[in-house]
Amino acid sequence: MRRAPFVATATIAGLAGILAFHTAGASSTFAPARSTTTTTTPGGGATQPTTAGVSTTTLANATRSAIGDQVNYNYGLLSVKVTVVDRKLTAVTVASLDDGGNFRSQMIDQQAIPLLQQEALAAQSANIQSISGASYTSWGFQQSLQSALTKLGL
């Protein structure tokens, strides 16, 4: 009986610590690559960079998107849309989801898909962890994600 207050206090303290934990979001700043034009002076003089309105800004990063194959994940059909900038995964969304109105599947999908999207962005690939209790959804999401990445050549 003397352990009960200690266990309850430790449980509450641990739960408060978990609820107070916040991860820092990844922030990225994009600075476009600059290229300057060089000219040579007549007569074979030195090469000088021109700076008076001649330098141009080149955006080397292109935004591309692809939709993965529709995958039958035992509760319906799921396909994932991927957006990449250069070779970096910037967005993962569900392009289509048809679970036939199955209430249980809808509840699982609502909880699992946001976590799967975060996993994919963190991993920058289709090599993601399955969500416990959402094995079929996780598998279908991963298969469609891999299909979309393959279409983009990643």
# chains A, B, ... in the order shown; residues from 1 in each chain; ligands from 1
$ residues_around --residues "A:Ser147" --least-positions-apart "4" --cutoff "10 Å" --atoms "only C-alpha atoms" --output "ChimeraX atom specification"
/A:66-71,79-82,126,141-143,151-154
$ write_last_selection --atoms "C-alpha atoms" --output "PDB file, in the first residue's frame"
ATOM      1  CA  ALA A  66       3.485  12.618 -58.975  1.00  0.00           C
ATOM      2  CA  ILE A  67       0.559  10.488 -57.914  1.00  0.00           C
ATOM      3  CA  GLY A  68       1.328   6.930 -56.921  1.00  0.00           C
ATOM      4  CA  ASP A  69      -0.596   3.894 -58.062  1.00  0.00           C
ATOM      5  CA  GLN A  70      -3.914   3.119 -56.410  1.00  0.00           C
ATOM      6  CA  VAL A  71      -3.271   0.327 -53.944  1.00  0.00           C
ATOM      7  CA  SER A  79      -3.176   6.603 -53.625  1.00  0.00           C
ATOM      8  CA  VAL A  80      -0.581   9.126 -52.492  1.00  0.00           C
ATOM      9  CA  LYS A  81       0.533  12.389 -54.119  1.00  0.00           C
ATOM     10  CA  VAL A  82       4.152  13.433 -53.622  1.00  0.00           C
ATOM     11  CA  ALA A 126       9.198   5.269 -48.685  1.00  0.00           C
ATOM     12  CA  PHE A 141       0.401   4.129 -48.065  1.00  0.00           C
ATOM     13  CA  GLN A 142       3.978   2.861 -48.339  1.00  0.00           C
ATOM     14  CA  GLN A 143       3.318   1.048 -51.634  1.00  0.00           C
ATOM     15  CA  LYS A 151       7.660   7.904 -61.164  1.00  0.00           C
ATOM     16  CA  LEU A 152       9.773  10.913 -60.142  1.00  0.00           C
ATOM     17  CA  GLY A 153      12.991   8.930 -60.488  1.00  0.00           C
ATOM     18  CA  LEU A 154      13.817   8.967 -56.792  1.00  0.00           C
TER      19      LEU A 154
END
$ select_by_dssp --residues "stretch 69-100 of chain A" --states "strand (DSSP E or B)" --output "number ranges by chain"
A: 71-72, 77-85, 88-98
$ residues_around --residues "A:Thr137" --least-positions-apart "5" --cutoff "10 Å" --atoms "only C-alpha atoms" --output "list in words"
Val71, Asn72, Tyr73, Asn74, Tyr75, Gly76, Leu77, Leu78, Ser105, Ile108, Asp109, Ala112, Ile113, Leu116, Ser130, Ile131, Gln142 and Gln143 of chain A
$ residues_around --residues "A:Asp86" --least-positions-apart "2" --cutoff "7 Å" --atoms "only C-alpha atoms" --output "ChimeraX atom specification"
/A:61-63,84,88
$ atom_distance --atom1 "atom CA of A:Thr90" --atom2 "atom CA of A:Leu121"
6.8 Å
$ residues_around --residues "stretch 123-125 of chain A" --least-positions-apart "5" --cutoff "8 Å" --atoms "only C-alpha atoms" --output "JSON, numbers by chain"
{"A": [88, 89, 146, 149]}
$ write_last_selection --atoms "N, CA and C atoms" --output "mmCIF file, in the first residue's frame"
data_model
loop_
_atom_site.group_PDB
_atom_site.id
_atom_site.type_symbol
_atom_site.label_atom_id
_atom_site.label_comp_id
_atom_site.auth_asym_id
_atom_site.auth_seq_id
_atom_site.Cartn_x
_atom_site.Cartn_y
_atom_site.Cartn_z
ATOM 1 N N LYS A 88 14.292 16.845 -52.788
ATOM 2 C CA LYS A 88 13.810 16.851 -51.409
ATOM 3 C C LYS A 88 12.296 16.725 -51.383
ATOM 4 N N LEU A 89 11.809 15.765 -50.614
ATOM 5 C CA LEU A 89 10.388 15.550 -50.430
ATOM 6 C C LEU A 89 9.827 16.694 -49.597
ATOM 7 N N GLN A 146 5.958 4.667 -52.654
ATOM 8 C CA GLN A 146 7.092 4.172 -53.424
ATOM 9 C C GLN A 146 6.826 4.302 -54.919
ATOM 10 N N LEU A 149 7.325 7.961 -55.893
ATOM 11 C CA LEU A 149 8.746 8.305 -55.896
ATOM 12 C C LEU A 149 9.453 7.690 -57.099
#
$ closest_residue --among "A:Ser135, A:Arg3, A:Gly14, A:Gln110" --to "A:Leu97" --atoms "only C-alpha atoms"
A:Gln110
$ atom_distance --atom1 "atom CA of A:Val85" --atom2 "atom CA of A:Thr150"
15.1 Å
$ residues_around --residues "A:Gln129" --least-positions-apart "3" --cutoff "9 Å" --atoms "only C-alpha atoms" --output "list in words"
Leu116, Glu119, Ala120 and Ser138 of chain A
$ write_last_selection --atoms "N, CA and C atoms" --output "tab-separated table (two decimals), in the first residue's frame"
chain	number	residue	atom	x	y	z
A	116	LEU	N	1.72	8.86	-40.96
A	116	LEU	CA	2.46	8.31	-42.10
A	116	LEU	C	3.05	9.43	-42.95
A	119	GLU	N	6.08	10.66	-41.15
A	119	GLU	CA	7.15	9.67	-41.28
A	119	GLU	C	7.84	9.79	-42.64
A	120	ALA	N	7.03	9.93	-43.70
A	120	ALA	CA	7.59	10.01	-45.05
A	120	ALA	C	8.44	11.27	-45.22
A	138	SER	N	-0.94	1.39	-43.45
A	138	SER	CA	0.49	1.69	-43.54
A	138	SER	C	1.10	1.04	-44.77
